[in-house]
Amino acid sequence: MNQTMNLGSLITGSLNDTLAVSLPLFRTELCLAATIVLVLLCRMLPLLRRLDAGLVALGGVCFALWFAWNDMRGIPVGGLQDGSAGGAAIVRQELFGGLLVFDSLTAYIRLLLMGFLAVYIPFTKASGIPDHEDGADFYTLVLGATLGMCLMASANHLLMVFMAVEMASVPSYALAGLLKGRKASSEAALKYAVYGAGAAGIMLYGISLLAGLLGTCHLPSMAAELSRVVDAGSASGNVMVLALGGLMVAVGLAFKLSAVPFHFWCPDVFEGAAAEIGGFLSVASKAAAVALLLRICFGLGVPTTGHGAVAAIGANLAELGSTRHFIVAVVGLMAAVTCTLGNLAAYGQTNMKRLLAYSTIAHAGYLMMAVAAAVAMVGIDPAGSRDAVSAVAFYLGTYLFMNLGAFAIVALLRNRLRSEEIDSYAGLVRSSPGIVIATGVVLVSLIGLPPLAGFVAKFLVFSSLVQAITAGAERPLMLVLLVVGGFNTVISLFYYLRVLKVMTFDPPPADRPGGEFSLVSLPGAIVTALVVPVVVLGIFWSGLYACAQLAGAFAS
Amino acid sequence: MQEFSPSTLLVLVPLLPLVGAILTVLLGRQLGAKAHLPAIAGIAGAAAVAVMLLAATARDVGPAHGVHAEPVRPVEMIATLWNWATFDSAYAPPAGSPAADPHLTPQDLAAGKDIRSFSIPVALRLDPLTATMLTIITCVGLLVAIYSTGYMHDDPGYPRFFALVAMFVFSMSMLVAASNFLLVYVFWEAVGACSYLLIGFWFTKPEAARAAKKAFLVNRVGDFGLAIAVFLLWMSYGTLDFHDTISPDGVIMPGIFGQTRLADAAGYVGGILGTAICLLLLLAACGKSAQLPLHVWLPDAMEGPTPASALIHAATMVTAGIYLITRSAPLFAACPGALTIVSIVGATTALVAALIGTVQNDLKRVLAYSTISQLGYMFASLGTGTLLGFTAAIFHLLTHACFKALLFLGAGSVMHSMGGVIDMRRFGGLRRVMPITAATFLVGSAALAGVAPFAGFFSKDEILAALHAKAWPAAHGDHHAAAAADGPFQLARFAAEASHSAGSAVGLDALDRPETWQILFWMSLITAGLTAFYTFRAVFMTFTGPTRVPEGAHGHGHGHDDGHGHDSHAGHAAHAGHGGHAGNAHESYESPWTMTLPLVILAVPSALVGWLLFTTNWLSHFLSATPSLTAPAVASTATPHMFHMNLAIQGTLAAAIGIVIAAIGHLGRRSDGPQMERFLGPLQTLFANKFYFDPIYSALVVRPLEGLALVAAMFDRYVVDGIVDSIAGIPVALGGIVRRSQSGLLQRYALAGVMGVLAIVVLLAWQLRG
């Protein structure tokens, strides 16, 4: 408080922090930013205009992926299993004066996002949705949105949270309207933008309420403040305002997660926009939103001992207990409702993209269940809490392949059949058995049946709920979530399998355009590259799970 | 040249056919008529690697040192690929079981130090038994695949066939190379699935679909036995690994057939539990190897393409049961009663199947029953529980694989040229129009009938010797066998068993007495005569007499749809001069070279391999280094290698009588005339109806189950479905409501959002107050 601030030392200090600490750990994002500039330059300079924007973007993404991979590898494995017992310190480094944080979750989500781009760009090249003219715009928007998502995953400050959400959202609005001249596409983009603007406004209001009452936007400091305000049992009016602020922030997050009742944009946008955009929004955006949810839940719900330090486990078990209870209640309730409504609404859909939109909503519900379990177990069963976060991380990893695989199949079949209606897939097995098998693998994995990756993911989520129940953390709610999750898995069986039934049993229409869709072709290779991991990760899941466990270690 | 490590090579054996299968599936349409290339390349590579592994293992075993002076050193190599799953604290051995560690004090037990995790490693093993099996599987598989390029050449399912064959070779090599009972179970099922798909290859044909279903269901009974056996094994031993494993903290975990347990005299459970495990394993083996009472699927399995019959239902898959019991030799050695049951089942199957085989008129069915019968021989040999018995069974397995594949492919060649006809009454004298097929078929038949010096003679002689040694222990010069029968070792074993369980399976163990073995020996000898009879009956009916060819056949015929075998033309064939026309001596019906070449290649080992392996005693010395067979209870029964002249004379005499009777009845006669078997009277009816196994099963099992199924179906349709339909209606109805809320109007969305937040606020407020 009574330090004598020397302007010079302040500047050197922050310079040192920025140059020596922050920028090296920020190189993935920097690489993305440089790629965006390069893509735009290519478009402006006549000499480089012939160059394909997609290839430039892919090159940049490969570098970014390499950086993200090295960051991930730099995280020590030892000591993470048992962080409390004098193991190696868990990596947690605040960047840019506390605006961002680098830890294992950041590294994992960043790696996931870069991996996603590395698959996504070739897929869009194969499906041909951005033509040569649109390419630069398209890839700029995609890379820009992904940059925002990286920031979402590493935000450590509510202002950064807002900035990152907006950075990820605004390019998404434009992407939704990419199909120029298509009424449905423009309408979807407009709805998305209006809805998103509304949600952002509410979120900003919530942030200002929280900041006003707690005097800071830095998440660890907020947690410390919260424990002072709430646990000390000060005026209940303040608590109500805090709860309202938290709820408003939750609205913004729910919009990004497409959680009920803020899911309405999702089916309309997915149906109106191209399938490629749907794939982008449902996989990358979902991963970032879930990571952000974890950030905020753990940032506000877990007491820390100060800047950049590790929370002492079990020492202050009761601290922030009511905050966590509030978080678990909101997230858990939303999860149950989101999952159920998503699955129910998927019944009777005739458009494949719309069906997948509801499926995306339902899967957000499953993910939120695990997040609720993770927060519930903080301070009660730290290992269980870590496991629950690992389950979320693993789920996101498998979801990348299975859901992007589903959207890739939709996009590539659209190119062939000129339709995205489920009925138009009738009898495809006779002419193109390969693609039907691929669809089967993806959909069965989305249901969560063994031996595919989706089963392992769902199993981990449910087992973390069981762990919470046995540990006695928020037992009634967790029990409800487990029952709801099981029930939803059963009812989801029907609408996924109906697609397969149409593809295999129904007679093909007489006037089907195009020939057979062989897996031995460039688009087929993309589908294969997405589907094979779904099978492989169902059998050899220990590798990805080890990474997910690293990510889970952030929760200690 | 780069030197590959044995473990790399071992992985290649299953891997190459798997890659071949996947490539065939992916590229099948593009390759079209060349769809066999990936599969054949994969199997050929695997065969080459398997032979290299055999050579490497043989080098490790070393040459035979005269009489077995010193015990043979077990040879094994384990390649653990990855750990499929690990379950912590999964198992605590019951007190006194062989899995319990005697060094632990009660304090340790209280501290839970005996609690073990259960892990399922994907581990492959290489030992003499596996090397032998791998070589047989891949080499026969390769020849069959080459043959199939001719046989299946214009079938619409051409790529599918080769994908399945390669998949089968993969599954079968994994089955014999797996070093873990759970993996064995997995590939046991995989092999069954391949077999199902190949029997039902022409699934549009009702008989094929029915036969596939029958094979699948009958095999389920056996698989059920294997599953229960695996559970019991885990309960008893706390692991399913064959080999010893070393836990991270350096403790050796004895595997079921690992060196540690093999060296331990009381390492295996006997008594009721041990006998139960062995009998369940036997049940599994009976299912896969078509032994009584689960043999009924194999003859019907001939509805599949003939190459598949040769590969799966004659040479390789049916030997899985033999493999399983040989591998489990130490388990069986602890349960003499179960061993005797193995022999009884085997000898009975051999006799019954041979009797049925004498009156079959369908060439492939004759071969099918002879397969069942020969497998019965191997079981009878295994049941002796002596080293000679086990090695003789594998020896016979090897020779049988050669000559039975040869005979099946020969039958396929006949069928291919006869326009799909396989009824022996409809053709004859084919030696003039199909000389190569006839000559090679004759070699195979001589081997099957046990004519010296063809392959089957030597292996059958070894089996008879093994049975003879159990029946008349004193007659055998070496007293080891006698000692094994009722010597001090036996007493020690009984004592060990008595300590294992209070109630022992004495009832079964009482079967293990010389009288039983004498009966089994005579049954086997009679079977040898019957085998010679039906084999040469088939040879004479098909290849001798006036040359006749059915109407549908064409020179270099291409109608090969097996479905024609039982069509309406069969009626014509009964009338001389109508059904067949005299074969034109100038017209050749010989099959293409892709089909005759494998016949010639297989004829060579069918003729020579028995003599070679017997005189050098290479195989039995090699096999005796298999860890399972180095168990003291087995290894101590080793006898010096010798030629049993009196047995050879008895066997040859039996075969000669059979051949002479067949010659009297069929040599040079028209095959559609009256047959000599009718003199058997009511017995002929009994044999022709296959001892009424099918109707009995139908009445006892199938009909009651069908009734039950009908009731269950009614219950399912009207009660369960009714409930399910009404429950399923709920999500649909709810979904309709939810869907309607998606009106497309942004204002309504915003309203819903606000309402939602309000709902949460109300809920929370209510909860906070309450």
# chains A, B, ... in the order shown; residues from 1 in each chain; ligands from 1

$ residues_around --residues "segment 13-16 of chain B" --least-positions-apart "2" --cutoff "7 Å" --atoms "only C-alpha atoms" --output "list of chain:residue names"
B:Leu9, B:Leu10, B:Val11, B:Leu18, B:Val19, B:Gly20, B:Gly42, B:Ile43, B:Gly45, B:Ala46, B:Val49, B:Ala50, B:Phe170, B:Ser173, B:Met174

$ write_last_selection --atoms "all heavy atoms" --output "short mmCIF file (atom, residue, chain, number, x, y, z; two decimals), in the first residue's frame"
data_model
loop_
_atom_site.label_atom_id
_atom_site.label_comp_id
_atom_site.auth_asym_id
_atom_site.auth_seq_id
_atom_site.Cartn_x
_atom_site.Cartn_y
_atom_site.Cartn_z
N LEU B 9 8.99 -59.75 -35.71
CA LEU B 9 8.50 -60.74 -36.67
C LEU B 9 7.18 -61.34 -36.19
O LEU B 9 6.25 -61.53 -36.98
CB LEU B 9 9.54 -61.85 -36.83
CG LEU B 9 10.81 -61.44 -37.57
CD1 LEU B 9 11.79 -62.59 -37.59
CD2 LEU B 9 10.47 -61.02 -38.98
N LEU B 10 7.12 -61.61 -34.89
CA LEU B 10 5.93 -62.24 -34.35
C LEU B 10 4.71 -61.35 -34.57
O LEU B 10 3.64 -61.83 -34.91
CB LEU B 10 6.14 -62.50 -32.86
CG LEU B 10 4.98 -63.18 -32.13
CD1 LEU B 10 4.65 -64.50 -32.79
CD2 LEU B 10 5.35 -63.42 -30.69
N VAL B 11 4.90 -60.04 -34.39
CA VAL B 11 3.77 -59.14 -34.59
C VAL B 11 3.37 -59.12 -36.06
O VAL B 11 2.20 -58.97 -36.40
CB VAL B 11 4.15 -57.73 -34.09
CG1 VAL B 11 3.06 -56.75 -34.42
CG2 VAL B 11 4.41 -57.76 -32.61
N LEU B 18 -3.96 -58.84 -41.51
CA LEU B 18 -4.94 -57.82 -41.12
C LEU B 18 -4.88 -56.65 -42.09
O LEU B 18 -5.91 -56.16 -42.56
CB LEU B 18 -4.65 -57.34 -39.69
CG LEU B 18 -5.57 -56.23 -39.18
CD1 LEU B 18 -7.00 -56.73 -39.09
CD2 LEU B 18 -5.13 -55.71 -37.84
N VAL B 19 -3.65 -56.22 -42.39
CA VAL B 19 -3.51 -55.12 -43.35
C VAL B 19 -4.09 -55.54 -44.69
O VAL B 19 -4.80 -54.76 -45.36
CB VAL B 19 -2.02 -54.73 -43.47
CG1 VAL B 19 -1.82 -53.77 -44.61
CG2 VAL B 19 -1.53 -54.13 -42.18
N GLY B 20 -3.81 -56.78 -45.06
CA GLY B 20 -4.36 -57.29 -46.33
C GLY B 20 -5.87 -57.23 -46.32
O GLY B 20 -6.49 -56.80 -47.31
N GLY B 42 -0.55 -60.30 -48.11
CA GLY B 42 -0.49 -60.30 -46.66
C GLY B 42 -0.27 -61.69 -46.10
O GLY B 42 0.60 -61.92 -45.25
N ILE B 43 -1.02 -62.67 -46.62
CA ILE B 43 -0.90 -64.03 -46.08
C ILE B 43 0.46 -64.62 -46.46
O ILE B 43 1.10 -65.31 -45.66
CB ILE B 43 -2.07 -64.91 -46.58
CG1 ILE B 43 -3.39 -64.32 -46.13
CG2 ILE B 43 -1.92 -66.32 -46.07
CD1 ILE B 43 -4.60 -65.03 -46.69
N GLY B 45 3.24 -62.99 -46.93
CA GLY B 45 4.24 -62.40 -46.03
C GLY B 45 4.20 -63.07 -44.67
O GLY B 45 5.24 -63.44 -44.11
N ALA B 46 2.98 -63.28 -44.17
CA ALA B 46 2.84 -63.91 -42.86
C ALA B 46 3.42 -65.32 -42.89
O ALA B 46 4.08 -65.75 -41.93
CB ALA B 46 1.37 -63.95 -42.46
N VAL B 49 7.17 -65.15 -42.78
CA VAL B 49 7.63 -64.79 -41.43
C VAL B 49 7.44 -65.97 -40.48
O VAL B 49 8.31 -66.25 -39.64
CB VAL B 49 6.86 -63.55 -40.94
CG1 VAL B 49 7.21 -63.26 -39.50
CG2 VAL B 49 7.19 -62.36 -41.81
N ALA B 50 6.31 -66.68 -40.63
CA ALA B 50 6.04 -67.80 -39.73
C ALA B 50 7.10 -68.88 -39.89
O ALA B 50 7.57 -69.47 -38.91
CB ALA B 50 4.65 -68.38 -40.00
N PHE B 170 -5.76 -63.74 -39.86
CA PHE B 170 -5.38 -62.83 -38.76
C PHE B 170 -5.92 -63.34 -37.43
O PHE B 170 -5.18 -63.48 -36.45
CB PHE B 170 -5.93 -61.42 -39.05
CG PHE B 170 -6.05 -60.55 -37.84
CD1 PHE B 170 -4.92 -60.08 -37.19
CD2 PHE B 170 -7.29 -60.20 -37.33
CE1 PHE B 170 -5.02 -59.29 -36.07
CE2 PHE B 170 -7.41 -59.41 -36.20
CZ PHE B 170 -6.27 -58.96 -35.57
N SER B 173 -4.25 -66.60 -36.29
CA SER B 173 -2.87 -66.47 -35.79
C SER B 173 -2.85 -65.76 -34.46
O SER B 173 -2.02 -66.06 -33.60
CB SER B 173 -1.95 -65.78 -36.80
OG SER B 173 -2.62 -65.18 -37.81
N MET B 174 -3.77 -64.81 -34.25
CA MET B 174 -3.83 -64.18 -32.93
C MET B 174 -4.27 -65.20 -31.88
O MET B 174 -3.77 -65.19 -30.76
CB MET B 174 -4.82 -63.01 -32.95
CG MET B 174 -4.29 -61.75 -33.60
SD MET B 174 -2.83 -61.09 -32.78
CE MET B 174 -3.54 -60.36 -31.31
#

$ residues_around --residues "Ala335 of chain A" --least-positions-apart "4" --cutoff "7 Å" --atoms "only C-alpha atoms" --output "NGL selection string"
:A and (331 or 339 or 365-366 or 368-369)

$ write_last_selection --atoms "C-alpha atoms" --output "tab-separated table (two decimals), in the first residue's frame"
chain	number	residue	atom	x	y	z
A	331	VAL	CA	-24.29	-25.05	-13.82
A	339	CYS	CA	-29.16	-32.04	-22.05
A	365	GLY	CA	-25.25	-30.54	-21.25
A	366	TYR	CA	-23.10	-33.63	-20.63
A	368	MET	CA	-21.57	-29.07	-18.00
A	369	MET	CA	-22.50	-32.02	-15.78

$ interface_residues --of "chain B" --to "chain A" --cutoff "7 Å" --atoms "only C-alpha atoms" --output "ChimeraX atom specification"
/B:731-732,734-735,738-739,742,746,749,752-753,756

$ residues_around --residues "His36 of chain B" --least-positions-apart "2" --cutoff "7 Å" --atoms "only C-alpha atoms" --output "MDAnalysis selection string"
chainID B and resid 34 38:40 149 159 162

$ write_last_selection --atoms "all heavy atoms" --output "PDB file, in the first residue's frame"
ATOM      1  N   LYS B  34      -8.736 -58.102 -59.394  1.00  0.00           N
ATOM      2  CA  LYS B  34      -7.427 -58.271 -58.744  1.00  0.00           C
ATOM      3  C   LYS B  34      -7.556 -58.127 -57.227  1.00  0.00           C
ATOM      4  O   LYS B  34      -6.570 -57.894 -56.527  1.00  0.00           O
ATOM      5  CB  LYS B  34      -6.445 -57.231 -59.269  1.00  0.00           C
ATOM      6  CG  LYS B  34      -6.030 -57.483 -60.704  1.00  0.00           C
ATOM      7  CD  LYS B  34      -4.846 -56.614 -61.080  1.00  0.00           C
ATOM      8  CE  LYS B  34      -4.329 -56.948 -62.456  1.00  0.00           C
ATOM      9  NZ  LYS B  34      -5.367 -56.744 -63.510  1.00  0.00           N
ATOM     10  N   PRO B  38      -4.068 -57.895 -52.309  1.00  0.00           N
ATOM     11  CA  PRO B  38      -3.631 -57.510 -50.954  1.00  0.00           C
ATOM     12  C   PRO B  38      -3.708 -58.669 -49.972  1.00  0.00           C
ATOM     13  O   PRO B  38      -2.782 -58.864 -49.169  1.00  0.00           O
ATOM     14  CB  PRO B  38      -4.607 -56.405 -50.554  1.00  0.00           C
ATOM     15  CG  PRO B  38      -5.465 -56.130 -51.712  1.00  0.00           C
ATOM     16  CD  PRO B  38      -5.189 -57.095 -52.795  1.00  0.00           C
ATOM     17  N   ALA B  39      -4.803 -59.450 -50.082  1.00  0.00           N
ATOM     18  CA  ALA B  39      -4.969 -60.550 -49.128  1.00  0.00           C
ATOM     19  C   ALA B  39      -3.863 -61.580 -49.320  1.00  0.00           C
ATOM     20  O   ALA B  39      -3.227 -62.026 -48.358  1.00  0.00           O
ATOM     21  CB  ALA B  39      -6.341 -61.195 -49.314  1.00  0.00           C
ATOM     22  N   ILE B  40      -3.608 -61.937 -50.572  1.00  0.00           N
ATOM     23  CA  ILE B  40      -2.600 -62.979 -50.807  1.00  0.00           C
ATOM     24  C   ILE B  40      -1.220 -62.471 -50.410  1.00  0.00           C
ATOM     25  O   ILE B  40      -0.428 -63.198 -49.798  1.00  0.00           O
ATOM     26  CB  ILE B  40      -2.642 -63.442 -52.279  1.00  0.00           C
ATOM     27  CG1 ILE B  40      -3.899 -64.282 -52.474  1.00  0.00           C
ATOM     28  CG2 ILE B  40      -1.405 -64.249 -52.633  1.00  0.00           C
ATOM     29  CD1 ILE B  40      -3.998 -64.957 -53.779  1.00  0.00           C
ATOM     30  N   THR B 149      -8.385 -68.012 -56.044  1.00  0.00           N
ATOM     31  CA  THR B 149      -8.403 -67.087 -57.186  1.00  0.00           C
ATOM     32  C   THR B 149      -8.984 -67.791 -58.398  1.00  0.00           C
ATOM     33  O   THR B 149      -9.640 -67.168 -59.239  1.00  0.00           O
ATOM     34  CB  THR B 149      -6.993 -66.591 -57.527  1.00  0.00           C
ATOM     35  OG1 THR B 149      -6.178 -67.727 -57.783  1.00  0.00           O
ATOM     36  CG2 THR B 149      -6.411 -65.795 -56.393  1.00  0.00           C
ATOM     37  N   PRO B 159     -14.138 -59.784 -53.757  1.00  0.00           N
ATOM     38  CA  PRO B 159     -13.317 -59.080 -52.754  1.00  0.00           C
ATOM     39  C   PRO B 159     -13.705 -59.465 -51.325  1.00  0.00           C
ATOM     40  O   PRO B 159     -12.842 -59.620 -50.465  1.00  0.00           O
ATOM     41  CB  PRO B 159     -13.621 -57.602 -53.000  1.00  0.00           C
ATOM     42  CG  PRO B 159     -14.298 -57.540 -54.311  1.00  0.00           C
ATOM     43  CD  PRO B 159     -14.940 -58.859 -54.554  1.00  0.00           C
ATOM     44  N   PHE B 162     -12.003 -62.656 -50.156  1.00  0.00           N
ATOM     45  CA  PHE B 162     -10.581 -62.567 -49.784  1.00  0.00           C
ATOM     46  C   PHE B 162     -10.390 -61.757 -48.515  1.00  0.00           C
ATOM     47  O   PHE B 162      -9.499 -62.042 -47.716  1.00  0.00           O
ATOM     48  CB  PHE B 162      -9.763 -62.021 -50.949  1.00  0.00           C
ATOM     49  CG  PHE B 162      -9.537 -63.060 -51.994  1.00  0.00           C
ATOM     50  CD1 PHE B 162     -10.363 -63.148 -53.087  1.00  0.00           C
ATOM     51  CD2 PHE B 162      -8.547 -64.001 -51.840  1.00  0.00           C
ATOM     52  CE1 PHE B 162     -10.188 -64.147 -54.015  1.00  0.00           C
ATOM     53  CE2 PHE B 162      -8.367 -65.009 -52.749  1.00  0.00           C
ATOM     54  CZ  PHE B 162      -9.185 -65.083 -53.860  1.00  0.00           C
TER      55      PHE B 162
END

$ residues_around --residues "Gly135 of chain A" --least-positions-apart "6" --cutoff "10 Å" --atoms "only C-alpha atoms" --output "number ranges by chain"
A: 39, 43, 52-55, 57, 124-125, 128-129, 141

$ write_last_selection --atoms "all heavy atoms" --output "short mmCIF file (atom, residue, chain, number, x, y, z; two decimals), in the first residue's frame"
data_model
loop_
_atom_site.label_atom_id
_atom_site.label_comp_id
_atom_site.auth_asym_id
_atom_site.auth_seq_id
_atom_site.Cartn_x
_atom_site.Cartn_y
_atom_site.Cartn_z
N VAL A 39 -2.18 -13.77 -44.39
CA VAL A 39 -3.29 -14.11 -45.28
C VAL A 39 -3.84 -12.84 -45.90
O VAL A 39 -4.12 -12.77 -47.11
CB VAL A 39 -4.38 -14.87 -44.49
CG1 VAL A 39 -5.65 -14.99 -45.31
CG2 VAL A 39 -3.90 -16.25 -44.08
N ARG A 43 -3.75 -11.29 -49.99
CA ARG A 43 -4.88 -10.83 -50.77
C ARG A 43 -4.59 -9.46 -51.37
O ARG A 43 -5.03 -9.15 -52.47
CB ARG A 43 -6.10 -10.76 -49.86
CG ARG A 43 -7.38 -10.52 -50.61
CD ARG A 43 -8.52 -10.45 -49.61
NE ARG A 43 -9.72 -9.98 -50.25
CZ ARG A 43 -10.58 -10.80 -50.85
NH1 ARG A 43 -10.34 -12.07 -50.90
NH2 ARG A 43 -11.68 -10.31 -51.41
N ASP A 52 -2.75 -19.62 -52.57
CA ASP A 52 -3.99 -20.05 -51.95
C ASP A 52 -3.99 -19.68 -50.47
O ASP A 52 -3.08 -20.03 -49.72
CB ASP A 52 -4.13 -21.56 -52.10
CG ASP A 52 -5.51 -22.01 -51.74
OD1 ASP A 52 -5.85 -21.98 -50.55
OD2 ASP A 52 -6.25 -22.38 -52.67
N ALA A 53 -5.05 -18.95 -50.07
CA ALA A 53 -5.12 -18.49 -48.67
C ALA A 53 -5.15 -19.66 -47.70
O ALA A 53 -4.57 -19.59 -46.62
CB ALA A 53 -6.35 -17.61 -48.48
N GLY A 54 -5.82 -20.73 -48.11
CA GLY A 54 -5.93 -21.89 -47.24
C GLY A 54 -4.57 -22.48 -46.93
O GLY A 54 -4.28 -22.86 -45.79
N LEU A 55 -3.70 -22.54 -47.95
CA LEU A 55 -2.38 -23.13 -47.74
C LEU A 55 -1.55 -22.26 -46.81
O LEU A 55 -0.85 -22.77 -45.92
CB LEU A 55 -1.66 -23.31 -49.07
CG LEU A 55 -2.25 -24.43 -49.94
CD1 LEU A 55 -1.47 -24.54 -51.23
CD2 LEU A 55 -2.25 -25.74 -49.20
N ALA A 57 -2.73 -20.26 -44.55
CA ALA A 57 -3.28 -20.42 -43.20
C ALA A 57 -2.83 -21.74 -42.60
O ALA A 57 -2.44 -21.80 -41.42
CB ALA A 57 -4.81 -20.37 -43.26
N THR A 124 -12.03 -27.92 -45.16
CA THR A 124 -12.72 -26.90 -45.93
C THR A 124 -12.17 -26.82 -47.35
O THR A 124 -12.90 -26.55 -48.29
CB THR A 124 -12.59 -25.52 -45.27
OG1 THR A 124 -11.21 -25.27 -45.05
CG2 THR A 124 -13.34 -25.45 -43.97
N LYS A 125 -10.86 -27.10 -47.51
CA LYS A 125 -10.31 -27.13 -48.88
C LYS A 125 -11.00 -28.23 -49.68
O LYS A 125 -11.35 -28.04 -50.84
CB LYS A 125 -8.80 -27.38 -48.87
CG LYS A 125 -7.93 -26.30 -48.29
CD LYS A 125 -8.14 -24.95 -48.90
CE LYS A 125 -7.78 -24.88 -50.39
NZ LYS A 125 -8.12 -23.54 -50.91
N GLY A 128 -14.68 -27.37 -50.31
CA GLY A 128 -14.78 -26.26 -51.26
C GLY A 128 -15.77 -25.19 -50.86
O GLY A 128 -16.33 -24.52 -51.73
N ILE A 129 -16.01 -24.99 -49.57
CA ILE A 129 -17.00 -23.95 -49.23
C ILE A 129 -16.42 -22.55 -49.39
O ILE A 129 -17.08 -21.69 -49.98
CB ILE A 129 -17.68 -24.19 -47.87
CG1 ILE A 129 -19.13 -23.76 -47.90
CG2 ILE A 129 -17.06 -23.44 -46.73
CD1 ILE A 129 -19.92 -24.06 -49.05
N LEU A 141 -11.29 -14.90 -40.83
CA LEU A 141 -12.32 -14.97 -39.80
C LEU A 141 -12.11 -16.18 -38.90
O LEU A 141 -12.22 -16.09 -37.68
CB LEU A 141 -13.70 -15.03 -40.46
CG LEU A 141 -14.14 -13.74 -41.16
CD1 LEU A 141 -15.39 -13.97 -41.99
CD2 LEU A 141 -14.41 -12.66 -40.12
#

$ select_by_dssp --residues "segment 330-559 of chain B" --states "helix (DSSP H, G or I)" --output "PyMOL selection string"
chain B and resi 330-333+336-357+363-383+387-417+424-426+430-432+435-449+455-471+473-475+480-486+488-500+506-509+514-543

$ closest_residue --among "B:Trp766, B:Tyr369, B:Tyr589, B:Tyr147" --to "Ile356 of chain B" --atoms "only C-alpha atoms"
B:Tyr369

$ residues_around --residues "Pro433 of chain A" --least-positions-apart "2" --cutoff "9 Å" --atoms "only C-alpha atoms" --output "list in words"
Leu428, Val429, Arg430, Ser431, Ile435, Val436, Ile437, Ala438, Thr504, Glu516, Phe517 and Ser518 of chain A

$ write_last_selection --atoms "N, CA, C and O atoms" --output "compact mmCIF listing (two decimals), in the first residue's frame"
# COMPACT_ATOMS: atom_id res chain seq x y z
N LEU A 428 -28.28 -45.02 -49.06
CA LEU A 428 -26.90 -44.69 -49.49
C LEU A 428 -25.97 -45.90 -49.38
O LEU A 428 -24.97 -45.99 -50.09
N VAL A 429 -26.32 -46.83 -48.49
CA VAL A 429 -25.41 -47.95 -48.24
C VAL A 429 -25.18 -48.75 -49.52
O VAL A 429 -24.14 -49.37 -49.71
N ARG A 430 -26.17 -48.70 -50.43
CA ARG A 430 -26.02 -49.52 -51.63
C ARG A 430 -24.98 -48.94 -52.59
O ARG A 430 -24.24 -49.68 -53.22
N SER A 431 -24.95 -47.62 -52.67
CA SER A 431 -23.97 -47.06 -53.62
C SER A 431 -22.67 -46.69 -52.91
O SER A 431 -21.61 -46.77 -53.52
N ILE A 435 -19.05 -44.52 -46.77
CA ILE A 435 -19.46 -43.31 -46.06
C ILE A 435 -20.53 -43.64 -45.03
O ILE A 435 -20.62 -43.01 -43.97
N VAL A 436 -21.33 -44.67 -45.31
CA VAL A 436 -22.36 -45.06 -44.35
C VAL A 436 -21.72 -45.68 -43.11
O VAL A 436 -22.12 -45.41 -41.98
N ILE A 437 -20.67 -46.48 -43.34
CA ILE A 437 -19.95 -47.05 -42.19
C ILE A 437 -19.35 -45.92 -41.35
O ILE A 437 -19.45 -45.89 -40.13
N ALA A 438 -18.75 -44.93 -42.04
CA ALA A 438 -18.15 -43.80 -41.33
C ALA A 438 -19.23 -43.07 -40.52
O ALA A 438 -19.02 -42.72 -39.35
N THR A 504 -29.53 -47.15 -44.44
CA THR A 504 -29.33 -48.55 -44.80
C THR A 504 -30.59 -49.24 -45.28
O THR A 504 -30.56 -49.96 -46.27
N GLU A 516 -21.16 -42.98 -56.79
CA GLU A 516 -20.87 -43.46 -55.45
C GLU A 516 -19.86 -42.54 -54.77
O GLU A 516 -19.08 -41.85 -55.41
N PHE A 517 -19.91 -42.55 -53.45
CA PHE A 517 -18.97 -41.76 -52.67
C PHE A 517 -17.96 -42.72 -52.08
O PHE A 517 -18.26 -43.45 -51.15
N SER A 518 -16.79 -42.75 -52.70
CA SER A 518 -15.79 -43.71 -52.22
C SER A 518 -14.93 -43.05 -51.16
O SER A 518 -14.69 -41.84 -51.20

$ closest_residue --among "B:Ser148, B:Gly225, B:Ile422, B:Asn180" --to "Asn83 of chain B" --atoms "only C-alpha atoms"
B:Asn180

$ select_by_dssp --residues "segment 133-274 of chain B" --states "strand (DSSP E)" --output "VMD selection string"
chain B and resid 245 to 246 252 to 253
